[in-house]
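Down below is the structure, laid out as structure tokens.
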Amino acid sequence: MTARAPIQDPNLLGKSAEELRTLAQALGEPAYRGSQIYHALYAERRVEVAQMTSLPAALRERLLAESAIALPRIRKTYRSADGTARYVLALDRGGAEGREGSRGSATIETVFMPEERRQTICVSTQAGCAVDCHFCLTATLGLIRNLTAGEILGQIIVALENNRDTLKPQTNVVLMGQGEPLLNYDAVMTAMRILLDPNGMGVSPRHVTLSTSGIIPGIERLAKEKVRPKLAVSLNASSDAQRDEIMPINRKYPIAKLLEACREYPLRPWEKLTFEYVLLGGFNDAPEDARRVARLVSNLRAKVNLIPWNPGDLPYQKPDAARIEAFRRILSEKGVPVFVRYSRGQDVLGACGQLALLESAPGSLTQISPAGA
Ligand code: SF4
């Protein structure tokens with residue numbers, strides 16, 4: 001018998017159906033065995049090769065010896081009184097290239113939010129982030145490295161498996177954790193194709209949202225994709241001067257150009273754009289801001305999510321309830337669909353980046369007791 005070459009990239013997680021069919025053939029198996037691996041891994045969430053009982057025993061043995069299903073490891077879990085679980089996940093070496101061109105281990109955050117009829121999972125697309133939004137703790141980490149498609153999907157699988165006994169029929173996924181998804185485009189879209197594939201993880205595109213700080217070339221690229229999640233744009237300001245102050249990316253992609261890209265974006269019949277607006281007390285929460293935001297989004301099929309600032313160790317104020325309500329009412333009276341969204345799990349370091357910062361610089365925040373991983 002001829003010796004076969006070892007599998008080049010042994011991690012099965014993150015591989016597309018086509019890649020798994022090619023891998024099956026490289027192992028001397030018919031291509032359809034790759035489709036079976038794909039189905040077992042993503043549709044049935046069988047995260048151990050030994051559980052893939054649709055495969056012949058000899059193939060399982062070969063995969064066990066030569067491949068891996070590398071899931072992120074739960075380093076800590078913080079359980080909130082509202083049921084939210086915030087995970088600190090450790091990624092092993094072998095990820096995408098990072099700050100020093102290295103492929104290194106990293107720590108990221110993933111959040112699982114149970115609701116009455118569904119769960120929402122908030123995933124990271126990069127470890128750290130280079131975009132430098134001044135209201136975001138992740139920005140203080142800088143970009144550590146891009147995540148691979150397997151690491152993005154792995155967060156969803158870990159969160160689902162860790163809450164297996166209480167899962168509701170519907171899963172929502174939001175790409176709103178650490179990182180700017182459109183600056184890790186290829187890995188994010190590889191993961192999205194598997195997530196949204198009815199033969200893969202089978203999540204509906206109506207239930208998956210990619211949130212961007214406004215990377216226009218990425219929005220234009222996303223517009224051309226046949227399979228894609230919904231798009232949310234993190235606006236957070238009512239003028240360029242204001243946005244420049246908290247989101248330096250605005251100097252590169254100012255509001256008018258960003259909104260032009262949004263106008264060109266081909267929405268599906270059921271789809272609306274989402275604009276996220278973090279309300280920073282005394283900074284961008286005045287009635288004039290609300291009126292300007294209403295004008296900015298007036299000719300777009302869009303809704304606005306107002307997110308009252310979740311106090312962290314940054315110099316911003318929580319907006320007061322009357323200002324939040326006044327802001328909401330102005331938008332609503334101008335015909336803009338508007339919702340107020342409070343961060344879940346505020347008692348367990350609910351602001352974006354807080355957990356990772358705690359992990360990377362343990363003295364930097366007030367530590368709370370983890371619920372235990
Ligand atoms: S808000 Fe998002 S894009 Fe901005 S620095 Fe934080 S993680 Fe990056």
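Scheme for the structure tokens: letters A, B, ... for chains in order shown; per-chain residue numbers from 1; ligand numbers from 1 in order shown.
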Please build the interface table for chain A against ligand 1 with a cut-off of 10 Å, listing for each qualifying residue the nearest atom pair and the distance in Å to one decimal; count only C-alpha atoms and all ligand atoms, order rows by chain and increasing number, and write it as a Markdown table.
```
| residue | atom | partner | partner_atom_place_in_ligand_line | distance |
| --- | --- | --- | --- | --- |
| A:Ser124 | CA | ligand 1 | 7 (S) | 8.3 |
| A:Thr125 | CA | ligand 1 | 7 (S) | 9.0 |
| A:Gln126 | CA | ligand 1 | 7 (S) | 8.3 |
| A:Ala127 | CA | ligand 1 | 7 (S) | 9.1 |
| A:Gly128 | CA | ligand 1 | 7 (S) | 6.9 |
| A:Cys129 | CA | ligand 1 | 8 (Fe) | 4.6 |
| A:Ala130 | CA | ligand 1 | 8 (Fe) | 6.3 |
| A:Val131 | CA | ligand 1 | 5 (S) | 4.6 |
| A:Asp132 | CA | ligand 1 | 5 (S) | 4.3 |
| A:Cys133 | CA | ligand 1 | 5 (S) | 4.2 |
| A:His134 | CA | ligand 1 | 5 (S) | 7.1 |
| A:Phe135 | CA | ligand 1 | 1 (S) | 7.2 |
| A:Cys136 | CA | ligand 1 | 6 (Fe) | 4.6 |
| A:Leu137 | CA | ligand 1 | 6 (Fe) | 6.6 |
| A:Thr138 | CA | ligand 1 | 6 (Fe) | 5.1 |
| A:Ala139 | CA | ligand 1 | 5 (S) | 4.2 |
| A:Thr140 | CA | ligand 1 | 5 (S) | 7.9 |
| A:Leu141 | CA | ligand 1 | 5 (S) | 9.0 |
| A:Gly142 | CA | ligand 1 | 5 (S) | 8.2 |
| A:Leu143 | CA | ligand 1 | 8 (Fe) | 8.7 |
| A:Leu175 | CA | ligand 1 | 2 (Fe) | 9.5 |
| A:Met176 | CA | ligand 1 | 2 (Fe) | 6.8 |
| A:Gly177 | CA | ligand 1 | 7 (S) | 6.4 |
| A:Gln178 | CA | ligand 1 | 7 (S) | 4.4 |
| A:Gly179 | CA | ligand 1 | 7 (S) | 4.2 |
| A:Glu180 | CA | ligand 1 | 3 (S) | 4.6 |
| A:Pro181 | CA | ligand 1 | 3 (S) | 8.1 |
| A:Leu182 | CA | ligand 1 | 3 (S) | 9.4 |
| A:Leu183 | CA | ligand 1 | 3 (S) | 9.3 |
| A:Ser211 | CA | ligand 1 | 2 (Fe) | 8.0 |
| A:Thr212 | CA | ligand 1 | 3 (S) | 6.5 |
| A:Ser213 | CA | ligand 1 | 3 (S) | 5.1 |
| A:Gly214 | CA | ligand 1 | 3 (S) | 8.6 |
| A:Ile215 | CA | ligand 1 | 3 (S) | 9.4 |
| A:Ser234 | CA | ligand 1 | 1 (S) | 7.8 |
| A:Ile246 | CA | ligand 1 | 4 (Fe) | 9.4 |
| A:Met247 | CA | ligand 1 | 4 (Fe) | 7.3 |
| A:Pro248 | CA | ligand 1 | 4 (Fe) | 9.5 |
| A:Ile249 | CA | ligand 1 | 4 (Fe) | 8.8 |
| A:Val278 | CA | ligand 1 | 1 (S) | 9.8 |
| A:Ala351 | CA | ligand 1 | 6 (Fe) | 9.9 |
| A:Cys352 | CA | ligand 1 | 6 (Fe) | 6.9 |
| A:Gly353 | CA | ligand 1 | 6 (Fe) | 7.4 |
```
Prev. selection, N, CA and C atoms, output as a CSV table (one decimal), in the first residue's frame:
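See out_29.csv below for the written result:
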```csv
chain,number,residue,atom,x,y,z
A,124,SER,N,-16.5,37.5,18.4
A,124,SER,CA,-15.4,38.3,18.0
A,124,SER,C,-14.9,37.9,16.7
A,125,THR,N,-14.4,38.8,15.9
A,125,THR,CA,-13.8,38.4,14.6
A,125,THR,C,-12.3,38.7,14.6
A,126,GLN,N,-11.8,39.5,15.5
A,126,GLN,CA,-10.4,39.7,15.7
A,126,GLN,C,-10.0,39.6,17.2
A,127,ALA,N,-8.8,39.3,17.5
A,127,ALA,CA,-8.4,39.5,18.9
A,127,ALA,C,-7.9,40.9,19.0
A,128,GLY,N,-8.5,41.7,19.8
A,128,GLY,CA,-8.2,43.1,19.9
A,128,GLY,C,-8.8,43.8,18.6
A,129,CYS,N,-8.4,45.0,18.4
A,129,CYS,CA,-8.9,45.8,17.2
A,129,CYS,C,-8.0,47.0,17.0
A,130,ALA,N,-7.8,47.3,15.7
A,130,ALA,CA,-7.0,48.5,15.3
A,130,ALA,C,-7.8,49.7,15.1
A,131,VAL,N,-9.1,49.7,15.2
A,131,VAL,CA,-9.9,50.8,14.7
A,131,VAL,C,-9.9,52.0,15.7
A,132,ASP,N,-9.7,51.7,16.9
A,132,ASP,CA,-9.5,52.8,17.9
A,132,ASP,C,-10.7,53.7,18.2
A,133,CYS,N,-11.8,53.1,18.3
A,133,CYS,CA,-13.0,53.9,18.7
A,133,CYS,C,-12.8,54.2,20.2
A,134,HIS,N,-13.0,55.5,20.5
A,134,HIS,CA,-12.5,56.0,21.9
A,134,HIS,C,-13.4,55.5,23.0
A,135,PHE,N,-14.6,55.0,22.7
A,135,PHE,CA,-15.5,54.6,23.7
A,135,PHE,C,-15.5,53.1,23.9
A,136,CYS,N,-14.5,52.4,23.3
A,136,CYS,CA,-14.4,51.0,23.3
A,136,CYS,C,-13.2,50.5,24.0
A,137,LEU,N,-13.4,49.6,25.0
A,137,LEU,CA,-12.2,49.1,25.7
A,137,LEU,C,-11.3,48.2,24.8
A,138,THR,N,-11.9,47.5,23.8
A,138,THR,CA,-11.2,46.6,23.0
A,138,THR,C,-10.1,47.4,22.2
A,139,ALA,N,-10.4,48.6,21.9
A,139,ALA,CA,-9.4,49.5,21.2
A,139,ALA,C,-8.1,49.6,22.0
A,140,THR,N,-8.2,49.6,23.3
A,140,THR,CA,-7.0,49.8,24.1
A,140,THR,C,-6.1,48.6,24.0
A,141,LEU,N,-6.6,47.5,23.4
A,141,LEU,CA,-5.7,46.3,23.2
A,141,LEU,C,-4.9,46.4,21.9
A,142,GLY,N,-5.3,47.2,21.0
A,142,GLY,CA,-4.7,47.2,19.7
A,142,GLY,C,-5.1,45.9,19.0
A,143,LEU,N,-4.7,45.8,17.7
A,143,LEU,CA,-5.0,44.5,17.0
A,143,LEU,C,-3.9,43.5,17.5
A,175,LEU,N,-22.0,39.8,14.9
A,175,LEU,CA,-20.6,40.0,14.8
A,175,LEU,C,-20.3,41.4,15.4
A,176,MET,N,-20.3,41.4,16.8
A,176,MET,CA,-20.2,42.7,17.5
A,176,MET,C,-19.3,42.6,18.6
A,177,GLY,N,-18.5,41.5,18.7
A,177,GLY,CA,-17.5,41.3,19.8
A,177,GLY,C,-16.3,42.1,19.4
A,178,GLN,N,-15.1,41.6,19.8
A,178,GLN,CA,-13.9,42.2,19.5
A,178,GLN,C,-13.6,42.2,18.0
A,179,GLY,N,-13.1,43.3,17.5
A,179,GLY,CA,-12.7,43.4,16.2
A,179,GLY,C,-13.6,44.0,15.2
A,180,GLU,N,-13.0,44.4,14.1
A,180,GLU,CA,-13.8,45.0,12.9
A,180,GLU,C,-13.9,43.9,11.9
A,181,PRO,N,-15.1,43.3,11.7
A,181,PRO,CA,-15.3,42.2,10.8
A,181,PRO,C,-14.8,42.5,9.4
A,182,LEU,N,-15.0,43.7,8.9
A,182,LEU,CA,-14.7,44.0,7.5
A,182,LEU,C,-13.2,44.1,7.3
A,183,LEU,N,-12.4,44.2,8.4
A,183,LEU,CA,-11.0,44.2,8.2
A,183,LEU,C,-10.4,42.8,8.4
A,211,SER,N,-21.6,43.9,12.2
A,211,SER,CA,-21.6,45.3,12.6
A,211,SER,C,-20.2,45.9,12.2
A,212,THR,N,-20.3,47.0,11.5
A,212,THR,CA,-19.0,47.6,11.1
A,212,THR,C,-18.9,49.1,11.6
A,213,SER,N,-17.7,49.5,11.8
A,213,SER,CA,-17.4,50.9,12.2
A,213,SER,C,-17.5,51.8,10.9
A,214,GLY,N,-17.7,51.2,9.8
A,214,GLY,CA,-17.9,52.0,8.6
A,214,GLY,C,-16.8,51.9,7.6
A,215,ILE,N,-16.3,50.7,7.4
A,215,ILE,CA,-15.2,50.4,6.4
A,215,ILE,C,-15.8,50.4,5.0
A,234,SER,N,-22.0,51.3,12.8
A,234,SER,CA,-21.9,51.9,14.1
A,234,SER,C,-21.7,53.4,13.8
A,246,ILE,N,-14.6,60.7,18.3
A,246,ILE,CA,-14.7,59.4,19.0
A,246,ILE,C,-14.3,58.2,18.1
A,247,MET,N,-14.4,58.4,16.8
A,247,MET,CA,-14.0,57.3,15.9
A,247,MET,C,-13.1,57.9,14.8
A,248,PRO,N,-11.8,57.8,15.0
A,248,PRO,CA,-10.8,58.4,14.1
A,248,PRO,C,-11.0,57.8,12.7
A,249,ILE,N,-11.6,56.6,12.5
A,249,ILE,CA,-11.8,56.0,11.2
A,249,ILE,C,-12.7,56.9,10.4
A,278,VAL,N,-24.3,54.7,20.0
A,278,VAL,CA,-24.0,54.6,21.5
A,278,VAL,C,-24.2,56.0,22.0
A,351,ALA,N,-19.3,45.9,29.1
A,351,ALA,CA,-18.8,46.7,28.0
A,351,ALA,C,-17.9,45.9,27.1
A,352,CYS,N,-18.0,46.2,25.8
A,352,CYS,CA,-17.1,45.5,24.8
A,352,CYS,C,-15.6,45.6,25.3
A,353,GLY,N,-15.0,44.5,25.3
A,353,GLY,CA,-13.5,44.6,25.6
A,353,GLY,C,-13.2,44.5,27.1
```
Residues of region 187-256 of chain A that approach region 286-289 of chain A to 12 Å or less, counting only C-alpha atoms: could you list each one with the shortest pair of atoms and its distance in Å to one decimal, rows by chain and increasing residue number, as a Markdown table?
```
| residue | atom | partner | partner_atom | distance |
| --- | --- | --- | --- | --- |
| A:Leu235 | CA | A:Asp289 | CA | 11.8 |
| A:Asn236 | CA | A:Asp289 | CA | 10.0 |
| A:Ala237 | CA | A:Asp289 | CA | 7.5 |
| A:Ser238 | CA | A:Asp289 | CA | 5.4 |
| A:Ser239 | CA | A:Asp289 | CA | 8.2 |
| A:Asp240 | CA | A:Asp289 | CA | 11.8 |
| A:Gln242 | CA | A:Asp289 | CA | 9.9 |
| A:Arg243 | CA | A:Asp289 | CA | 11.6 |
```
Those same residues, written as an mmCIF file, in the first residue's frame with C-alpha atoms?
```
data_model
loop_
_atom_site.group_PDB
_atom_site.id
_atom_site.type_symbol
_atom_site.label_atom_id
_atom_site.label_comp_id
_atom_site.auth_asym_id
_atom_site.auth_seq_id
_atom_site.Cartn_x
_atom_site.Cartn_y
_atom_site.Cartn_z
ATOM 1 C CA LEU A 235 -22.702 55.616 13.618
ATOM 2 C CA ASN A 236 -22.443 57.063 17.141
ATOM 3 C CA ALA A 237 -22.357 60.725 16.108
ATOM 4 C CA SER A 238 -24.499 63.260 14.307
ATOM 5 C CA SER A 239 -21.718 65.243 12.589
ATOM 6 C CA ASP A 240 -18.227 64.626 11.214
ATOM 7 C CA GLN A 242 -18.250 64.768 16.600
ATOM 8 C CA ARG A 243 -17.535 61.435 14.929
#
```
Nearest candidate to Glu264 (chain A) (options A:Val336, A:Leu231, A:Ala223, A:Ala57; using only C-alpha atoms) | A:Ala223
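Using only C-alpha atoms for every distance, the candidate list A:Ala149, A:Arg323, A:Ala294, A:Arg62 yields A:Arg62 as the residue closest to Gly28 (chain A).
You can rank A:Thr107, A:Asn162, A:Thr190, A:Thr53 by their closest distance to Glu19 (chain A) using only C-alpha atoms, and at the top of that list sits A:Thr190.
What separates CA of Asn305 (chain A) from CA of Lys230 (chain A) is a distance of 14.2 Å.
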Please return as number ranges by chain: the residues of region 86-144 of chain A that backbone DSSP assigns to helix (DSSP H, G or I).
-> A: 137-141
Neighbours of Arg301 (chain A) within 10 Å (only C-alpha atoms; same-chain residues fewer than 6 positions away dropped), as a PDB file with all heavy atoms, in the first residue's frame?
```
ATOM      1  N   CYS A 262     -24.036  53.263   1.962  1.00  0.00           N
ATOM      2  CA  CYS A 262     -25.248  52.623   2.498  1.00  0.00           C
ATOM      3  C   CYS A 262     -26.400  52.734   1.507  1.00  0.00           C
ATOM      4  O   CYS A 262     -27.190  51.812   1.350  1.00  0.00           O
ATOM      5  CB  CYS A 262     -25.652  53.254   3.830  1.00  0.00           C
ATOM      6  SG  CYS A 262     -24.499  52.869   5.154  1.00  0.00           S
ATOM      7  N   ARG A 263     -26.504  53.886   0.846  1.00  0.00           N
ATOM      8  CA  ARG A 263     -27.592  54.062  -0.142  1.00  0.00           C
ATOM      9  C   ARG A 263     -27.425  53.101  -1.316  1.00  0.00           C
ATOM     10  O   ARG A 263     -28.372  52.599  -1.879  1.00  0.00           O
ATOM     11  CB  ARG A 263     -27.637  55.504  -0.652  1.00  0.00           C
ATOM     12  CG  ARG A 263     -28.636  56.355   0.112  1.00  0.00           C
ATOM     13  CD  ARG A 263     -28.793  57.733  -0.511  1.00  0.00           C
ATOM     14  NE  ARG A 263     -27.591  58.531  -0.382  1.00  0.00           N
ATOM     15  CZ  ARG A 263     -27.255  59.198   0.715  1.00  0.00           C
ATOM     16  NH1 ARG A 263     -28.038  59.180   1.770  1.00  0.00           N
ATOM     17  NH2 ARG A 263     -26.147  59.894   0.785  1.00  0.00           N
ATOM     18  N   LEU A 267     -30.306  46.153  -0.567  1.00  0.00           N
ATOM     19  CA  LEU A 267     -31.039  45.463   0.507  1.00  0.00           C
ATOM     20  C   LEU A 267     -31.988  44.428  -0.083  1.00  0.00           C
ATOM     21  O   LEU A 267     -32.607  44.662  -1.123  1.00  0.00           O
ATOM     22  CB  LEU A 267     -31.825  46.481   1.320  1.00  0.00           C
ATOM     23  CG  LEU A 267     -30.994  47.464   2.148  1.00  0.00           C
ATOM     24  CD1 LEU A 267     -31.861  48.593   2.675  1.00  0.00           C
ATOM     25  CD2 LEU A 267     -30.279  46.739   3.290  1.00  0.00           C
ATOM     26  N   GLU A 271     -35.189  43.339   4.204  1.00  0.00           N
ATOM     27  CA  GLU A 271     -34.054  43.797   5.001  1.00  0.00           C
ATOM     28  C   GLU A 271     -34.070  45.312   5.246  1.00  0.00           C
ATOM     29  O   GLU A 271     -34.491  46.091   4.399  1.00  0.00           O
ATOM     30  CB  GLU A 271     -32.782  43.434   4.215  1.00  0.00           C
ATOM     31  CG  GLU A 271     -31.504  43.553   4.969  1.00  0.00           C
ATOM     32  CD  GLU A 271     -30.325  43.006   4.154  1.00  0.00           C
ATOM     33  OE1 GLU A 271     -30.496  42.691   2.946  1.00  0.00           O
ATOM     34  OE2 GLU A 271     -29.234  42.904   4.742  1.00  0.00           O
ATOM     35  N   LYS A 272     -33.579  45.703   6.416  1.00  0.00           N
ATOM     36  CA  LYS A 272     -33.330  47.121   6.717  1.00  0.00           C
ATOM     37  C   LYS A 272     -31.885  47.230   7.185  1.00  0.00           C
ATOM     38  O   LYS A 272     -31.373  46.302   7.817  1.00  0.00           O
ATOM     39  CB  LYS A 272     -34.185  47.563   7.912  1.00  0.00           C
ATOM     40  CG  LYS A 272     -35.582  48.014   7.607  1.00  0.00           C
ATOM     41  CD  LYS A 272     -36.126  48.711   8.868  1.00  0.00           C
ATOM     42  CE  LYS A 272     -37.505  49.256   8.641  1.00  0.00           C
ATOM     43  NZ  LYS A 272     -38.580  48.281   8.770  1.00  0.00           N
ATOM     44  N   LEU A 273     -31.250  48.363   6.912  1.00  0.00           N
ATOM     45  CA  LEU A 273     -29.950  48.623   7.524  1.00  0.00           C
ATOM     46  C   LEU A 273     -30.176  48.990   8.984  1.00  0.00           C
ATOM     47  O   LEU A 273     -31.223  49.540   9.324  1.00  0.00           O
ATOM     48  CB  LEU A 273     -29.284  49.826   6.866  1.00  0.00           C
ATOM     49  CG  LEU A 273     -28.655  49.633   5.500  1.00  0.00           C
ATOM     50  CD1 LEU A 273     -28.273  51.000   4.930  1.00  0.00           C
ATOM     51  CD2 LEU A 273     -27.420  48.757   5.604  1.00  0.00           C
ATOM     52  N   THR A 274     -29.201  48.690   9.808  1.00  0.00           N
ATOM     53  CA  THR A 274     -29.278  49.141  11.202  1.00  0.00           C
ATOM     54  C   THR A 274     -28.168  50.158  11.427  1.00  0.00           C
ATOM     55  O   THR A 274     -27.029  49.935  11.011  1.00  0.00           O
ATOM     56  CB  THR A 274     -29.080  47.951  12.165  1.00  0.00           C
ATOM     57  OG1 THR A 274     -30.101  46.985  11.915  1.00  0.00           O
ATOM     58  CG2 THR A 274     -29.156  48.396  13.620  1.00  0.00           C
ATOM     59  N   VAL A 336     -38.459  57.611  11.919  1.00  0.00           N
ATOM     60  CA  VAL A 336     -37.340  56.653  11.893  1.00  0.00           C
ATOM     61  C   VAL A 336     -37.640  55.524  12.901  1.00  0.00           C
ATOM     62  O   VAL A 336     -37.855  55.815  14.081  1.00  0.00           O
ATOM     63  CB  VAL A 336     -36.007  57.346  12.295  1.00  0.00           C
ATOM     64  CG1 VAL A 336     -34.866  56.345  12.315  1.00  0.00           C
ATOM     65  CG2 VAL A 336     -35.708  58.505  11.366  1.00  0.00           C
ATOM     66  N   PRO A 337     -37.663  54.269  12.445  1.00  0.00           N
ATOM     67  CA  PRO A 337     -37.840  53.184  13.410  1.00  0.00           C
ATOM     68  C   PRO A 337     -36.666  53.195  14.395  1.00  0.00           C
ATOM     69  O   PRO A 337     -35.506  53.210  13.976  1.00  0.00           O
ATOM     70  CB  PRO A 337     -37.812  51.916  12.549  1.00  0.00           C
ATOM     71  CG  PRO A 337     -38.035  52.390  11.149  1.00  0.00           C
ATOM     72  CD  PRO A 337     -37.520  53.787  11.068  1.00  0.00           C
TER      73      PRO A 337
END
```
May I have all residues of region 189-307 of chain A that DSSP, computed from the backbone, assigns to strand (DSSP E), given as an mmCIF file with N, CA and C atoms, in the first residue's frame?
```
data_model
loop_
_atom_site.group_PDB
_atom_site.id
_atom_site.type_symbol
_atom_site.label_atom_id
_atom_site.label_comp_id
_atom_site.auth_asym_id
_atom_site.auth_seq_id
_atom_site.Cartn_x
_atom_site.Cartn_y
_atom_site.Cartn_z
ATOM 1 N N VAL A 208 -28.590 36.932 11.413
ATOM 2 C CA VAL A 208 -27.146 37.156 11.584
ATOM 3 C C VAL A 208 -26.833 38.593 11.168
ATOM 4 N N THR A 209 -26.148 39.313 12.032
ATOM 5 C CA THR A 209 -25.842 40.728 11.759
ATOM 6 C C THR A 209 -24.352 40.988 11.890
ATOM 7 N N LEU A 210 -23.806 41.600 10.862
ATOM 8 C CA LEU A 210 -22.411 42.026 10.889
ATOM 9 C C LEU A 210 -22.389 43.522 11.177
ATOM 10 N N SER A 211 -21.630 43.897 12.186
ATOM 11 C CA SER A 211 -21.586 45.308 12.564
ATOM 12 C C SER A 211 -20.223 45.893 12.211
ATOM 13 N N THR A 212 -20.258 47.009 11.489
ATOM 14 C CA THR A 212 -19.000 47.630 11.076
ATOM 15 C C THR A 212 -18.906 49.068 11.593
ATOM 16 N N LYS A 230 -26.960 40.358 7.636
ATOM 17 C CA LYS A 230 -27.480 41.737 7.605
ATOM 18 C C LYS A 230 -26.343 42.675 8.003
ATOM 19 N N LEU A 231 -26.523 43.943 7.653
ATOM 20 C CA LEU A 231 -25.459 44.915 7.915
ATOM 21 C C LEU A 231 -25.909 45.948 8.950
ATOM 22 N N ALA A 232 -25.057 46.173 9.935
ATOM 23 C CA ALA A 232 -25.280 47.252 10.899
ATOM 24 C C ALA A 232 -24.070 48.178 10.841
ATOM 25 N N VAL A 233 -24.326 49.463 10.910
ATOM 26 C CA VAL A 233 -23.246 50.452 10.866
ATOM 27 C C VAL A 233 -23.237 51.202 12.193
ATOM 28 N N SER A 234 -22.048 51.269 12.783
ATOM 29 C CA SER A 234 -21.899 51.907 14.078
ATOM 30 C C SER A 234 -21.689 53.408 13.830
ATOM 31 N N LEU A 273 -31.250 48.363 6.912
ATOM 32 C CA LEU A 273 -29.950 48.623 7.524
ATOM 33 C C LEU A 273 -30.176 48.990 8.984
ATOM 34 N N THR A 274 -29.201 48.690 9.808
ATOM 35 C CA THR A 274 -29.278 49.141 11.202
ATOM 36 C C THR A 274 -28.168 50.158 11.427
ATOM 37 N N PHE A 275 -28.523 51.263 12.062
ATOM 38 C CA PHE A 275 -27.493 52.189 12.542
ATOM 39 C C PHE A 275 -27.449 52.084 14.052
ATOM 40 N N GLU A 276 -26.253 51.801 14.561
ATOM 41 C CA GLU A 276 -26.093 51.750 16.013
ATOM 42 C C GLU A 276 -25.594 53.103 16.481
ATOM 43 N N TYR A 277 -26.129 53.506 17.608
ATOM 44 C CA TYR A 277 -25.763 54.825 18.113
ATOM 45 C C TYR A 277 -25.565 54.696 19.621
ATOM 46 N N VAL A 278 -24.300 54.659 20.031
ATOM 47 C CA VAL A 278 -24.002 54.591 21.465
ATOM 48 C C VAL A 278 -24.221 55.987 22.037
ATOM 49 N N LEU A 279 -25.149 56.088 22.974
ATOM 50 C CA LEU A 279 -25.454 57.393 23.579
ATOM 51 C C LEU A 279 -24.465 57.661 24.705
ATOM 52 N N ALA A 302 -33.921 52.075 6.937
ATOM 53 C CA ALA A 302 -33.033 51.816 8.071
ATOM 54 C C ALA A 302 -33.760 51.967 9.392
ATOM 55 N N LYS A 303 -33.192 51.351 10.407
ATOM 56 C CA LYS A 303 -33.654 51.587 11.775
ATOM 57 C C LYS A 303 -32.447 52.012 12.606
ATOM 58 N N VAL A 304 -32.728 52.612 13.735
ATOM 59 C CA VAL A 304 -31.646 53.074 14.607
ATOM 60 C C VAL A 304 -31.772 52.357 15.945
ATOM 61 N N ASN A 305 -30.663 51.774 16.395
ATOM 62 C CA ASN A 305 -30.607 51.207 17.739
ATOM 63 C C ASN A 305 -29.824 52.152 18.635
ATOM 64 N N LEU A 306 -30.484 52.655 19.651
ATOM 65 C CA LEU A 306 -29.802 53.519 20.620
ATOM 66 C C LEU A 306 -29.256 52.640 21.740
ATOM 67 N N ILE A 307 -27.968 52.785 22.013
ATOM 68 C CA ILE A 307 -27.341 51.943 23.033
ATOM 69 C C ILE A 307 -26.778 52.849 24.136
#
```
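In this structure, CA of Ser35 (chain A) sits 23.5 Å away from CA of Pro229 (chain A).
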Test item: residues at most 9 Å from Glu325 (chain A), only C-alpha atoms, excluding those fewer than 5 positions along its chain, as a PyMOL selection string = chain A and resi 320+330+340
I need the residues from that last selection saved to file as a JSON list (two decimals), in the first residue's frame (with all heavy atoms), if you can.
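Writing the result to again_15.json gives the following:
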```
[["chain", "number", "residue", "atom", "x", "y", "z"],
["A", 320, "ASP", "N", -28.68, 60.21, 30.86],
["A", 320, "ASP", "CA", -29.79, 60.03, 31.80],
["A", 320, "ASP", "C", -31.06, 59.63, 31.06],
["A", 320, "ASP", "O", -31.20, 59.85, 29.86],
["A", 320, "ASP", "CB", -29.94, 61.19, 32.78],
["A", 320, "ASP", "CG", -30.48, 62.44, 32.14],
["A", 320, "ASP", "OD1", -31.48, 62.32, 31.42],
["A", 320, "ASP", "OD2", -29.90, 63.51, 32.37],
["A", 330, "ILE", "N", -37.75, 61.92, 19.39],
["A", 330, "ILE", "CA", -37.49, 62.79, 18.21],
["A", 330, "ILE", "C", -37.35, 61.93, 16.95],
["A", 330, "ILE", "O", -37.96, 62.20, 15.92],
["A", 330, "ILE", "CB", -36.25, 63.67, 18.44],
["A", 330, "ILE", "CG1", -36.55, 64.69, 19.54],
["A", 330, "ILE", "CG2", -35.82, 64.37, 17.16],
["A", 330, "ILE", "CD1", -35.34, 65.45, 20.06],
["A", 340, "VAL", "N", -34.38, 51.22, 21.81],
["A", 340, "VAL", "CA", -33.34, 51.41, 22.82],
["A", 340, "VAL", "C", -32.88, 50.03, 23.26],
["A", 340, "VAL", "O", -33.70, 49.19, 23.61],
["A", 340, "VAL", "CB", -33.88, 52.21, 24.04],
["A", 340, "VAL", "CG1", -32.77, 52.41, 25.08],
["A", 340, "VAL", "CG2", -34.42, 53.56, 23.59]]
```
Please, what distance in Å, to one decimal, runs between CA of Glu66 (chain A) and CA of Leu13 (chain A)?
-> 13.7 Å
Determine, counting only C-alpha atoms, which protein, DNA and RNA residues have an atom within 10 Å of an atom of Pro169 (chain A); residues of the same chain fewer than 4 positions away are not included. Present the result as an mmCIF file with N, CA, C and O atoms, in the first residue's frame.
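To be explicit, this is the file written out as around_7.cif:
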```
data_model
loop_
_atom_site.group_PDB
_atom_site.id
_atom_site.type_symbol
_atom_site.label_atom_id
_atom_site.label_comp_id
_atom_site.auth_asym_id
_atom_site.auth_seq_id
_atom_site.Cartn_x
_atom_site.Cartn_y
_atom_site.Cartn_z
ATOM 1 N N ARG A 117 -37.565 33.156 23.512
ATOM 2 C CA ARG A 117 -37.740 32.220 22.399
ATOM 3 C C ARG A 117 -36.490 32.041 21.539
ATOM 4 O O ARG A 117 -36.548 31.453 20.473
ATOM 5 N N ARG A 118 -35.402 32.625 21.955
ATOM 6 C CA ARG A 118 -34.199 32.513 21.140
ATOM 7 C C ARG A 118 -32.978 32.794 22.009
ATOM 8 O O ARG A 118 -33.104 33.256 23.147
ATOM 9 N N GLN A 119 -31.792 32.542 21.419
ATOM 10 C CA GLN A 119 -30.563 32.972 22.065
ATOM 11 C C GLN A 119 -29.781 33.807 21.049
ATOM 12 O O GLN A 119 -29.868 33.558 19.841
#
```
